[in-house]
Amino acid sequence: MNFYVKIGDFELRSPLLLASGTWGLGEKEISGLEYISALITKGVSKDPMPGNPPPRLAEAPCGLINSIGLENPGVETFLKEYLPRIKKLGPKVIVNLHGESIEDFCYLAERFENADVSGIELNISCPNVRKGGIHFSESAKDVFELVNEVRKRFSKLLIVKLSPRSNVFDIAFACEEAGADALTVANTYPALAVVSLKPFKVLLGGLSGPAIKPLTLRLVYELSQKVKLPIIASGGVMTGRDVVEYLACGATAVQVGTALLIDPLGIKKIYKEFEELYQELEWGS
Amino acid sequence: MNFYVKIGDFELRSPLLLASGTWGLGEKEISGLEYISALITKGVSKDPMPGNPPPRLAEAPCGLINSIGLENPGVETFLKEYLPRIKKLGPKVIVNLHGESIEDFCYLAERFENADVSGIELNISCPNVRKGGIHFSESAKDVFELVNEVRKRFSKLLIVKLSPRSNVFDIAFACEEAGADALTVANTYPALAVVSLKPFKVLLGGLSGPAIKPLTLRLVYELSQKVKLPIIASGGVMTGRDVVEYLACGATAVQVGTALLIDPLGIKKIYKEFEELYQELEWGS
Amino acid sequence: MYKARVLENGELTSSIYSLVLSAEDSLLANFLPGQFVKIKVSSGYDPLLPRPFTVHAIYDSAFEILYQVVGRGTKAMSRLKPGDEVEFFGPLGKPFPRIEGSYLVSAGGVGVAGFGYLCQGLKPEFSLPAKLLYGARTSAQLVKLDFFSTLLPVEVATDDGSLGLKGTVADLLLAELNKQSYQAILACGPKPMLKALAELGRTYGVKIFLVLETLLACGTGYCLGCAVPSRRGGYFKLCVDGPTFDAEEIDLEFLR
Amino acid sequence: MYKARVLENGELTSSIYSLVLSAEDSLLANFLPGQFVKIKVSSGYDPLLPRPFTVHAIYDSAFEILYQVVGRGTKAMSRLKPGDEVEFFGPLGKPFPRIEGSYLVSAGGVGVAGFGYLCQGLKPEFSLPAKLLYGARTSAQLVKLDFFSTLLPVEVATDDGSLGLKGTVADLLLAELNKQSYQAILACGPKPMLKALAELGRTYGVKIFLVLETLLACGTGYCLGCAVPSRRGGYFKLCVDGPTFDAEEIDLEFLR
Ligand SMILES: Cc1cc2nc3c(=O)[nH]c(=O)nc-3n(C[C@H](O)[C@H](O)[C@H](O)COP(=O)(O)OP(=O)(O)OC[C@H]3O[C@@H](n4cnc5c(N)ncnc54)[C@H](O)[C@@H]3O)c2cc1C
Ligand SMILES: Cc1cc2nc3c(=O)[nH]c(=O)nc-3n(C[C@H](O)[C@H](O)[C@H](O)COP(=O)(O)OP(=O)(O)OC[C@H]3O[C@@H](n4cnc5c(N)ncnc54)[C@H](O)[C@@H]3O)c2cc1C
Ligand SMILES: Cc1cc2nc3c(=O)[nH]c(=O)nc-3n(C[C@H](O)[C@H](O)[C@H](O)COP(=O)(O)O)c2cc1C
Ligand SMILES: Cc1cc2nc3c(=O)[nH]c(=O)nc-3n(C[C@H](O)[C@H](O)[C@H](O)COP(=O)(O)O)c2cc1C
Ligand code: FES
Ligand code: FES
């Protein structure tokens, strides 16, 4: 197939990336990596984070609600123990970053400037932490400042991952203005599942999977008409047709997340379906 | 069953209302009306509206996308020909109003002040019209002014129906401040379906059904902790358990929409399931 | 929805299936030719919407539909086995118009489904059509030919000439109209066929009724989702004003 | 996912079913006692997640699972018929620990499912348990008793005394530990049973391994969703660090 796009200097020969948090940190084998352009890691923070207590998951209609709480070993252990293993998997690596403050993000960006990674994705949209995460997305001004500061310290691919519940347009403009290279649209949607009625117990988490596809597709469609930054779509990609739909709606590439949780052999299937449809539509010619 | 709540003077002996736009305007028989507390009409505007050209519908994972475009006969024909028929169905009637401007809404509110209806629901959240609808929800200030003006002209039950894509908290505060009696949380979610790839054709509409339940449940949960106004939940109620979940998350009543489109005998089923669970949980005692 | 048992379900030809469902006679008594039912095709919420199918034939305590497997819902239906329970609702929509005088029914492909009940002649208020004009790509796709042949005269056309006229239903109709005059034509099939027939009807000044399709959400007139543009502006609701429409009343752009 | 055919599917007792799926021997060769598979339970996206089940027994080119119908997914599974195609993935999780010396397996209800393969003795590196202690509400709920009885000594308990001891698996274990000493206990069943056994184990100073359950999303270690609190802080992942855990290593609050 002759799929080829560039985001800055970053070349993609497949529109597929693996979404943050949905393939582990390389501990477990992943099938079909030859079909993807990059791996985006689980969120990495300055200090190790234990994650949230169980339950962390609930099933929803055509969707999954998760509240992992950014369990991760922290940047130093990540760099020492995890990154070398992830690099061995083959694809380029983009590190998803979680910070509670602009300083945190700047610190992390500096640590990765000289590390063997192709880029970073700033997670300003995690719905499952008390500080940082989605709370950044409440103010376009804060986001501008954040991206602006990170940009000064990081010369490689800089992606910002938006929250769908924010004022996406203002936030997107702020990212553009501040010098980001691309946007990931979008993270999970803040959601609630009633885990038990008696005693009453709820899970607050983020909704992913097919249920959110029509919503994120709409965001991608609208945003791509308003901002110049390339958009990497993330939300409910399950089939090759979903990939094609996102590209047709203005995305430059797409991330596969929940689909891989369901079918560990899913990457190849999605890629092959995409390839077939791509050729059928004569997009390559 | 001993379910009983009041919203202002408005009494409910069942938590169920029929959502706007999902039961027609009384032309067709509806089964199970003895189990509901009120009928909320399809959006009524000052002048007749033809609605959008087809396609108006697309199916989504666990959801329905619609773009009806508020087809309705206009307020005068509604009052003359439709309302008498709807009144004969039995339940109390709440009129869902669509306006393009504050003046439109005020005009409509005045027309219904002396009409035989129990209340009005201001639709500031329709995603499928060019003017009015969801565009109101862009500014809490505008919403305050709208509700404030309508309040001066309408003494009965005044509900405002929020858009889930707005800044719901600010809008909710504005409604509270301006004297609304209740909030409907929420309308459909702006969504997109690719109707055809070649030629490329999309449907922009609002997503309803089970897919949105976890999202609206979250909104209801969060809002009910922040505003004092009673909340009428609307989003993906398919079963009695869904009703119970919404009430447990802070709603005072719930609307049934898409479920009725799917199963015209669904009201009784949902009510019976609700009743059983309500008793099992000993909520009534 | 009502519950029903699958009595039979099987392939008639590649991708066209017949499904026979049990139903109480008291319910079936309300079914009229041209009406449809909607059938729940999943036990979960995906696919969400029941699928509409015209009633093909009525038997003692049972009815039959013919369906073409085109997507996920019909695929799921094709896996139903005798004894399985399904939910359905109906009858929905307007029956066929009652035509006085001699008239034709013409069907393309699985569009023939809706005419079985009419041709069974079980409802005296609906007179029998004079003939069925029936086209398909190839002879194997002409399902239920025996069934129809015992009920009324049938003329067939196939794109590949493997049975009957090599050509289309429009060719059959043209020949027929040149031979004889009819009060009206009732037509069901793919959009290009309906368009061709509507044009023929206009040329020959014969009334033509088209059975239309669109995606439905409710099928009961509640949602206004099934808009069919009227020639005089505004919209019909396919599910309650149709599915059968006088070709003169609708905006034929809809058939593009 | 891998494709498999349903060879058998049927009720063993009210709400407990057995499902036999075809699978290639080369794949089955990788399955070890204590591991599980995940099975897709819908053709659409609802329910979305595959359901996990421990491998109950291995046959030539086939494997069996026992499942209790508790919700939508297992309900859908109960409708599968021989010849139907299903998708599954596995083997997943860690096998049972290899225990040297005499040990017991104890099961409550459908928890017995996971021990069949172990007791079949097909993998020489896993020694056979000395006995199976097996409890259920009533005798009818003691499924596969014949199967297990031909493989090893079985002691049963029922809540209503309809077979074996009137009491629980914990009662059986207590009696057993008073008679004889064991290297370890392997236990699978409802949380209250596991808790009781873990406490007994501690009192008698015998190592006890618990087979735990939680909702899984991936089952492959990707999502970190299946957190089981460790006694020493932090979390295990049930799907890759378990499902079998040394009772001393986990925070028993998890069993509440
Ligand atoms: C009143 C009425 C009566 C019908 N009677 C019959 C019948 O007797 N036999 C029969 O085989 N079919 C009939 N149909 C069409 C049938 O309902 C659709 O083929 C079916 O719903 C497709 O479901 P699916 O899940 O398999 O396809 P989907 O996966 O939903 O769609 C597959 C493809 O078909 C298109 N499609 C889906 N629904 C329709 C539709 N209603 N009209 C046109 N294109 C559609 C989609 O856009 C898509 O391209 C009828 C439709 C209507 C409105
Ligand atoms: C590693 C592993 C192995 C298992 N092996 C077996 C087995 O061999 N036989 C067997 O019958 N079951 C087994 N289970 C449990 C089985 O996976 C669940 O019963 C099944 O997923 C329920 O699906 P459902 O759609 O029918 O229920 P749902 O509709 O999803 O849920 C019904 C009820 O069960 C609860 N529930 C759902 N999943 C679980 C779970 N995993 N743990 C606890 N409660 C749950 C829900 O909260 C709900 O109250 C195993 C679970 C795990 C994690
Ligand atoms: C279990 C799980 C963990 C996730 N962890 C992260 C994370 O650490 N950082 C992040 O930016 N997004 C995270 N996400 C969001 C995904 O990367 C993705 O954007 C989202 O799930 C939507 O895509 P999908 O529908 O394809 O899954 C996580 C999602 C899931 C389901
Ligand atoms: C076909 C259709 C038409 C609708 N029309 C209106 C409308 O006119 N005014 C309005 O406020 N909401 C309208 N809605 C939104 C519903 O009233 C309801 O708030 C929404 O569908 C979410 O609930 P549900 O998931 O139960 O359907 C419409 C929804 C549907 C599906
Ligand atoms: S499909 Fe709802 S009105 Fe016709
Ligand atoms: S279920 Fe995903 S890591 Fe265990």
# chains A, B, ... in the order shown; residues from 1 in each chain; ligands from 1
>>> residues_around(residues="Phe112 in chain A", least_positions_apart="3", cutoff="12 Å", atoms="only C-alpha atoms", output="compact mmCIF listing (two decimals) with all heavy atoms, in the first residue's frame")
# COMPACT_ATOMS: atom_id res chain seq x y z
N VAL A 44 3.24 8.48 31.61
CA VAL A 44 4.41 8.41 32.49
C VAL A 44 4.46 9.72 33.29
O VAL A 44 4.29 10.80 32.73
CB VAL A 44 5.70 8.25 31.66
CG1 VAL A 44 6.94 8.38 32.55
CG2 VAL A 44 5.70 6.90 30.95
N SER A 45 4.65 9.59 34.60
CA SER A 45 4.71 10.76 35.46
C SER A 45 6.10 10.88 36.09
O SER A 45 6.93 9.99 35.97
CB SER A 45 3.62 10.67 36.54
OG SER A 45 3.72 9.44 37.23
N LYS A 46 6.31 11.99 36.74
CA LYS A 46 7.61 12.24 37.36
C LYS A 46 7.91 11.15 38.41
O LYS A 46 8.92 10.46 38.33
CB LYS A 46 7.56 13.62 38.03
CG LYS A 46 8.87 14.25 38.27
CD LYS A 46 8.65 15.71 38.70
CE LYS A 46 9.82 16.18 39.55
NZ LYS A 46 9.58 17.46 40.18
N VAL A 75 9.16 8.27 35.77
CA VAL A 75 10.02 8.48 34.60
C VAL A 75 11.38 7.80 34.70
O VAL A 75 11.88 7.26 33.71
CB VAL A 75 10.18 9.99 34.30
CG1 VAL A 75 10.91 10.73 35.43
CG2 VAL A 75 10.91 10.21 32.97
N GLU A 76 11.97 7.77 35.88
CA GLU A 76 13.33 7.21 35.94
C GLU A 76 13.32 5.71 35.66
O GLU A 76 14.10 5.21 34.85
CB GLU A 76 13.99 7.52 37.29
CG GLU A 76 14.22 9.03 37.51
CD GLU A 76 14.84 9.75 36.29
OE1 GLU A 76 15.70 9.16 35.59
OE2 GLU A 76 14.43 10.90 36.02
N PHE A 78 11.02 4.15 34.18
CA PHE A 78 10.58 3.99 32.80
C PHE A 78 11.77 4.05 31.85
O PHE A 78 11.95 3.20 30.98
CB PHE A 78 9.55 5.05 32.43
CG PHE A 78 9.14 4.99 30.98
CD1 PHE A 78 8.16 4.08 30.57
CD2 PHE A 78 9.75 5.79 30.02
CE1 PHE A 78 7.80 3.98 29.24
CE2 PHE A 78 9.40 5.69 28.68
CZ PHE A 78 8.42 4.80 28.29
N LEU A 79 12.58 5.07 32.03
CA LEU A 79 13.72 5.26 31.12
C LEU A 79 14.70 4.10 31.23
O LEU A 79 15.25 3.64 30.23
CB LEU A 79 14.44 6.57 31.44
CG LEU A 79 13.76 7.83 30.88
CD1 LEU A 79 14.37 9.08 31.49
CD2 LEU A 79 13.85 7.86 29.35
N LEU A 83 11.79 1.56 28.71
CA LEU A 83 12.02 2.08 27.36
C LEU A 83 12.88 1.15 26.50
O LEU A 83 12.53 0.90 25.34
CB LEU A 83 12.60 3.50 27.43
CG LEU A 83 12.75 4.20 26.07
CD1 LEU A 83 11.41 4.25 25.31
CD2 LEU A 83 13.31 5.61 26.23
N VAL A 93 8.53 5.19 19.14
CA VAL A 93 7.89 5.32 20.44
C VAL A 93 7.56 6.78 20.73
O VAL A 93 8.40 7.68 20.55
CB VAL A 93 8.81 4.77 21.56
CG1 VAL A 93 8.18 5.01 22.94
CG2 VAL A 93 9.07 3.28 21.34
N ILE A 94 6.33 7.01 21.13
CA ILE A 94 5.89 8.33 21.59
C ILE A 94 5.49 8.16 23.05
O ILE A 94 4.76 7.21 23.38
CB ILE A 94 4.70 8.83 20.75
CG1 ILE A 94 5.14 9.05 19.30
CG2 ILE A 94 4.10 10.11 21.34
CD1 ILE A 94 4.00 9.29 18.33
N VAL A 95 5.98 9.03 23.91
CA VAL A 95 5.69 8.87 25.33
C VAL A 95 4.54 9.77 25.74
O VAL A 95 4.57 10.98 25.49
CB VAL A 95 6.93 9.18 26.19
CG1 VAL A 95 6.63 8.86 27.66
CG2 VAL A 95 8.11 8.36 25.72
N ASN A 96 3.54 9.17 26.34
CA ASN A 96 2.40 9.92 26.87
C ASN A 96 2.78 10.43 28.25
O ASN A 96 3.23 9.66 29.11
CB ASN A 96 1.19 8.98 26.92
CG ASN A 96 -0.07 9.65 27.44
OD1 ASN A 96 -0.24 9.78 28.65
ND2 ASN A 96 -0.95 10.06 26.55
N LEU A 97 2.64 11.73 28.47
CA LEU A 97 3.11 12.33 29.72
C LEU A 97 1.97 12.81 30.59
O LEU A 97 1.01 13.43 30.12
CB LEU A 97 4.02 13.52 29.42
CG LEU A 97 5.29 13.24 28.61
CD1 LEU A 97 6.12 14.52 28.50
CD2 LEU A 97 6.12 12.12 29.25
N PHE A 105 5.39 18.81 33.70
CA PHE A 105 5.46 18.53 32.26
C PHE A 105 6.81 18.96 31.68
O PHE A 105 7.41 18.27 30.86
CB PHE A 105 4.31 19.22 31.52
CG PHE A 105 3.02 18.45 31.52
CD1 PHE A 105 1.93 18.89 32.26
CD2 PHE A 105 2.88 17.28 30.79
CE1 PHE A 105 0.72 18.19 32.26
CE2 PHE A 105 1.68 16.57 30.78
CZ PHE A 105 0.60 17.03 31.52
N CYS A 106 7.29 20.13 32.13
CA CYS A 106 8.57 20.63 31.61
C CYS A 106 9.70 19.69 32.01
O CYS A 106 10.59 19.38 31.20
CB CYS A 106 8.85 22.04 32.14
SG CYS A 106 7.78 23.27 31.38
N TYR A 107 9.64 19.25 33.24
CA TYR A 107 10.66 18.33 33.73
C TYR A 107 10.68 17.07 32.87
O TYR A 107 11.72 16.61 32.41
CB TYR A 107 10.36 17.98 35.19
CG TYR A 107 11.30 16.95 35.76
CD1 TYR A 107 12.52 17.32 36.32
CD2 TYR A 107 10.97 15.59 35.73
CE1 TYR A 107 13.39 16.36 36.83
CE2 TYR A 107 11.83 14.63 36.23
CZ TYR A 107 13.03 15.01 36.77
OH TYR A 107 13.89 14.07 37.27
N LEU A 108 9.48 16.53 32.63
CA LEU A 108 9.38 15.29 31.85
C LEU A 108 9.85 15.52 30.42
O LEU A 108 10.58 14.70 29.84
CB LEU A 108 7.94 14.78 31.86
CG LEU A 108 7.46 14.23 33.21
CD1 LEU A 108 5.94 14.09 33.23
CD2 LEU A 108 8.13 12.89 33.52
N ALA A 109 9.45 16.64 29.83
CA ALA A 109 9.85 16.93 28.45
C ALA A 109 11.37 16.98 28.35
O ALA A 109 11.97 16.46 27.40
CB ALA A 109 9.23 18.25 27.99
N ALA A 115 16.21 11.40 25.22
CA ALA A 115 15.97 9.95 25.27
C ALA A 115 15.62 9.45 23.88
O ALA A 115 15.30 10.23 22.98
CB ALA A 115 14.84 9.65 26.25
N ASP A 116 15.69 8.15 23.74
CA ASP A 116 15.48 7.54 22.42
C ASP A 116 13.99 7.37 22.12
O ASP A 116 13.49 6.25 21.97
CB ASP A 116 16.21 6.19 22.40
CG ASP A 116 16.23 5.61 21.00
OD1 ASP A 116 15.87 6.33 20.04
OD2 ASP A 116 16.60 4.42 20.87
N VAL A 117 13.30 8.49 22.04
CA VAL A 117 11.87 8.45 21.68
C VAL A 117 11.62 9.44 20.55
O VAL A 117 12.37 10.41 20.39
CB VAL A 117 10.95 8.80 22.88
CG1 VAL A 117 11.19 7.86 24.05
CG2 VAL A 117 11.13 10.26 23.30
N SER A 118 10.57 9.20 19.79
CA SER A 118 10.29 10.06 18.64
C SER A 118 9.48 11.28 19.00
O SER A 118 9.45 12.26 18.26
CB SER A 118 9.53 9.27 17.57
OG SER A 118 10.27 8.15 17.17
N GLY A 119 8.77 11.20 20.10
CA GLY A 119 7.94 12.34 20.45
C GLY A 119 7.26 12.15 21.79
O GLY A 119 7.43 11.11 22.45
N ILE A 120 6.51 13.17 22.17
CA ILE A 120 5.72 13.07 23.39
C ILE A 120 4.27 13.48 23.11
O ILE A 120 3.99 14.23 22.17
CB ILE A 120 6.28 13.95 24.54
CG1 ILE A 120 6.38 15.41 24.10
CG2 ILE A 120 7.64 13.41 25.01
CD1 ILE A 120 6.92 16.33 25.20
N GLU A 121 3.39 12.93 23.91
CA GLU A 121 1.97 13.29 23.82
C GLU A 121 1.57 13.79 25.20
O GLU A 121 1.65 13.04 26.18
CB GLU A 121 1.15 12.04 23.43
CG GLU A 121 -0.33 12.31 23.27
CD GLU A 121 -1.15 11.03 22.95
OE1 GLU A 121 -1.09 10.06 23.75
OE2 GLU A 121 -1.83 10.99 21.92
N VAL A 150 6.63 23.75 27.30
CA VAL A 150 7.14 22.43 26.90
C VAL A 150 7.87 22.56 25.56
O VAL A 150 8.94 21.98 25.37
CB VAL A 150 6.01 21.39 26.83
CG1 VAL A 150 6.48 20.12 26.14
CG2 VAL A 150 5.48 21.07 28.23
N ARG A 153 11.42 23.32 25.50
CA ARG A 153 12.31 22.29 26.03
C ARG A 153 12.33 21.02 25.20
O ARG A 153 13.09 20.11 25.49
CB ARG A 153 11.88 21.94 27.46
CG ARG A 153 12.11 23.05 28.44
CD ARG A 153 11.30 22.88 29.69
NE ARG A 153 11.64 23.90 30.67
CZ ARG A 153 11.10 25.10 30.71
NH1 ARG A 153 10.18 25.46 29.83
NH2 ARG A 153 11.48 25.97 31.65
N PHE A 154 11.46 20.92 24.24
CA PHE A 154 11.34 19.65 23.51
C PHE A 154 11.29 19.93 22.01
O PHE A 154 10.37 20.59 21.52
CB PHE A 154 10.08 18.89 23.96
CG PHE A 154 10.05 17.47 23.47
CD1 PHE A 154 10.82 16.48 24.08
CD2 PHE A 154 9.26 17.11 22.38
CE1 PHE A 154 10.79 15.17 23.63
CE2 PHE A 154 9.23 15.81 21.93
CZ PHE A 154 10.00 14.83 22.55
N SER A 155 12.25 19.40 21.28
CA SER A 155 12.36 19.76 19.86
C SER A 155 11.72 18.73 18.93
O SER A 155 11.54 18.98 17.75
CB SER A 155 13.83 19.90 19.49
OG SER A 155 14.49 18.66 19.71
N LYS A 156 11.40 17.56 19.45
CA LYS A 156 10.84 16.52 18.58
C LYS A 156 9.31 16.65 18.52
O LYS A 156 8.75 17.67 18.88
CB LYS A 156 11.29 15.15 19.10
CG LYS A 156 12.81 14.94 18.94
CD LYS A 156 13.31 13.62 19.50
CE LYS A 156 13.52 13.69 21.01
NZ LYS A 156 14.08 12.44 21.56
N LEU A 157 8.68 15.59 18.03
CA LEU A 157 7.24 15.60 17.82
C LEU A 157 6.49 15.89 19.12
O LEU A 157 6.60 15.15 20.09
CB LEU A 157 6.80 14.24 17.26
CG LEU A 157 5.32 14.07 16.93
CD1 LEU A 157 4.92 14.95 15.75
CD2 LEU A 157 5.01 12.62 16.63
N LEU A 158 5.71 16.95 19.11
CA LEU A 158 4.97 17.35 20.30
C LEU A 158 3.46 17.31 20.02
O LEU A 158 2.94 18.13 19.26
CB LEU A 158 5.40 18.76 20.73
CG LEU A 158 4.60 19.43 21.84
CD1 LEU A 158 4.52 18.58 23.08
CD2 LEU A 158 5.23 20.79 22.19
>>> residues_near_ligand(ligand="ligand 4", cutoff="7 Å", atoms="only C-alpha atoms and all ligand atoms", output="number ranges by chain")
B: 19-22, 42-43, 64, 66, 68, 70, 96, 123, 125-126, 161, 186-188, 208-210, 212, 234-237, 255-259; C: 223-225
>>> write_last_selection(atoms="N, CA, C and O atoms", output="short mmCIF file (atom, residue, chain, number, x, y, z; two decimals), in the first residue's frame")
data_model
loop_
_atom_site.label_atom_id
_atom_site.label_comp_id
_atom_site.auth_asym_id
_atom_site.auth_seq_id
_atom_site.Cartn_x
_atom_site.Cartn_y
_atom_site.Cartn_z
N ALA B 19 -39.95 11.71 26.52
CA ALA B 19 -39.04 12.73 26.02
C ALA B 19 -39.55 13.38 24.74
O ALA B 19 -40.22 12.75 23.93
N SER B 20 -39.17 14.61 24.57
CA SER B 20 -39.55 15.37 23.39
C SER B 20 -39.07 14.70 22.10
O SER B 20 -37.93 14.27 22.00
N GLY B 21 -39.98 14.64 21.14
CA GLY B 21 -39.59 14.20 19.81
C GLY B 21 -39.57 12.70 19.61
O GLY B 21 -39.17 12.23 18.54
N THR B 22 -40.00 11.95 20.60
CA THR B 22 -39.88 10.50 20.46
C THR B 22 -41.22 9.78 20.61
O THR B 22 -41.26 8.57 20.77
N LYS B 42 -42.82 17.24 21.09
CA LYS B 42 -41.83 17.64 20.09
C LYS B 42 -41.67 19.15 20.15
O LYS B 42 -42.62 19.86 20.49
N GLY B 43 -40.48 19.64 19.82
CA GLY B 43 -40.22 21.07 19.84
C GLY B 43 -41.24 21.85 19.01
O GLY B 43 -41.50 21.49 17.86
N LEU B 64 -28.51 5.96 18.35
CA LEU B 64 -29.22 6.46 17.19
C LEU B 64 -28.79 7.90 16.98
O LEU B 64 -28.72 8.67 17.94
N ASN B 66 -29.87 11.36 15.12
CA ASN B 66 -30.98 11.95 14.37
C ASN B 66 -30.72 13.41 14.07
O ASN B 66 -30.04 14.11 14.82
N ILE B 68 -33.59 15.61 12.79
CA ILE B 68 -34.95 15.86 12.30
C ILE B 68 -35.09 17.33 11.89
O ILE B 68 -35.78 17.65 10.94
N LEU B 70 -36.33 19.70 13.82
CA LEU B 70 -37.48 20.33 14.48
C LEU B 70 -38.70 20.55 13.58
O LEU B 70 -39.40 21.55 13.69
N ASN B 96 -42.30 21.41 24.70
CA ASN B 96 -40.89 21.69 24.41
C ASN B 96 -40.85 22.83 23.40
O ASN B 96 -41.51 22.78 22.36
N ASN B 123 -35.86 24.30 24.95
CA ASN B 123 -34.83 23.52 24.27
C ASN B 123 -33.72 24.46 23.81
O ASN B 123 -33.80 25.07 22.75
N SER B 125 -30.75 23.31 23.30
CA SER B 125 -29.74 22.27 23.13
C SER B 125 -29.92 21.43 21.89
O SER B 125 -29.26 20.41 21.73
N CYS B 126 -30.80 21.84 20.98
CA CYS B 126 -30.98 21.04 19.77
C CYS B 126 -29.74 21.18 18.90
O CYS B 126 -29.37 22.29 18.52
N LYS B 161 -33.74 22.63 29.14
CA LYS B 161 -33.09 21.39 28.69
C LYS B 161 -31.68 21.71 28.21
O LYS B 161 -31.49 22.41 27.22
N ALA B 186 -29.86 15.38 29.75
CA ALA B 186 -29.49 16.41 28.81
C ALA B 186 -30.09 16.05 27.45
O ALA B 186 -30.67 15.00 27.31
N ASN B 187 -29.87 16.89 26.48
CA ASN B 187 -30.28 16.58 25.12
C ASN B 187 -29.30 15.58 24.51
O ASN B 187 -28.42 15.05 25.19
N THR B 188 -29.44 15.33 23.21
CA THR B 188 -28.54 14.41 22.50
C THR B 188 -27.13 15.02 22.40
O THR B 188 -26.94 16.22 22.57
N SER B 208 -28.42 9.56 20.63
CA SER B 208 -29.26 9.17 21.77
C SER B 208 -29.14 7.67 21.96
O SER B 208 -28.51 6.98 21.17
N GLY B 209 -29.77 7.18 23.03
CA GLY B 209 -29.79 5.73 23.25
C GLY B 209 -28.77 5.26 24.28
O GLY B 209 -28.10 6.07 24.92
N PRO B 210 -28.66 3.94 24.44
CA PRO B 210 -27.81 3.37 25.50
C PRO B 210 -26.37 3.88 25.50
O PRO B 210 -25.77 4.02 26.56
N ILE B 212 -25.16 6.74 25.27
CA ILE B 212 -24.91 7.98 26.01
C ILE B 212 -25.24 7.86 27.49
O ILE B 212 -24.96 8.76 28.27
N SER B 234 -32.36 12.62 31.07
CA SER B 234 -32.75 12.14 29.75
C SER B 234 -31.52 11.64 29.03
O SER B 234 -30.61 12.41 28.73
N GLY B 235 -31.47 10.35 28.79
CA GLY B 235 -30.33 9.79 28.06
C GLY B 235 -30.22 8.29 28.26
O GLY B 235 -29.75 7.83 29.28
N GLY B 236 -30.70 7.55 27.26
CA GLY B 236 -30.44 6.11 27.24
C GLY B 236 -31.19 5.28 28.25
O GLY B 236 -30.76 4.18 28.57
N VAL B 237 -32.31 5.78 28.74
CA VAL B 237 -33.10 4.94 29.66
C VAL B 237 -33.79 3.83 28.86
O VAL B 237 -34.64 4.09 28.01
N GLN B 255 -36.70 10.84 31.68
CA GLN B 255 -37.45 10.81 30.43
C GLN B 255 -37.08 9.57 29.63
O GLN B 255 -35.92 9.16 29.61
N VAL B 256 -38.07 9.02 28.99
CA VAL B 256 -37.85 7.88 28.11
C VAL B 256 -37.95 8.39 26.67
O VAL B 256 -38.93 9.04 26.33
N GLY B 257 -36.94 8.14 25.88
CA GLY B 257 -36.94 8.63 24.51
C GLY B 257 -36.76 7.48 23.52
O GLY B 257 -37.71 6.80 23.15
N THR B 258 -35.51 7.26 23.14
CA THR B 258 -35.18 6.25 22.14
C THR B 258 -35.79 4.89 22.45
O THR B 258 -36.18 4.15 21.53
N ALA B 259 -35.90 4.55 23.73
CA ALA B 259 -36.45 3.24 24.09
C ALA B 259 -37.85 3.05 23.52
O ALA B 259 -38.22 1.95 23.12
N CYS C 223 -40.93 9.35 15.34
CA CYS C 223 -39.65 10.07 15.34
C CYS C 223 -39.49 11.07 14.19
O CYS C 223 -38.57 11.88 14.22
N LEU C 224 -40.30 10.97 13.16
CA LEU C 224 -40.18 11.83 11.97
C LEU C 224 -38.87 11.61 11.24
O LEU C 224 -38.40 12.49 10.51
N GLY C 225 -38.28 10.46 11.41
CA GLY C 225 -36.95 10.21 10.84
C GLY C 225 -36.99 9.71 9.40
O GLY C 225 -35.99 9.76 8.70
#
>>> residues_around(residues="His135 in chain A", least_positions_apart="5", cutoff="10 Å", atoms="only C-alpha atoms", output="PyMOL selection string")
chain A and resi 100+124-127+129-130+142+163+166
>>> select_by_dssp(residues="range 225-285 of chain A", states="helix (DSSP H, G or I)", output="count of residues only")
31
>>> interface_residues(of="chain D", to="chain A", cutoff="9 Å", atoms="only C-alpha atoms", output="number ranges by chain")
D: 1-2, 40, 44-50, 88-89, 214-229, 233-235, 254
>>> select_by_dssp(residues="range 188-247 of chain D", states="strand (DSSP E or B)", output="list in words")
Cys188, Lys207, Ile208, Phe209, Leu210, Val211, Ala227, Val228, Pro229, Ser230, Tyr235, Phe236, Lys237, Thr244, Phe245 and Asp246 of chain D
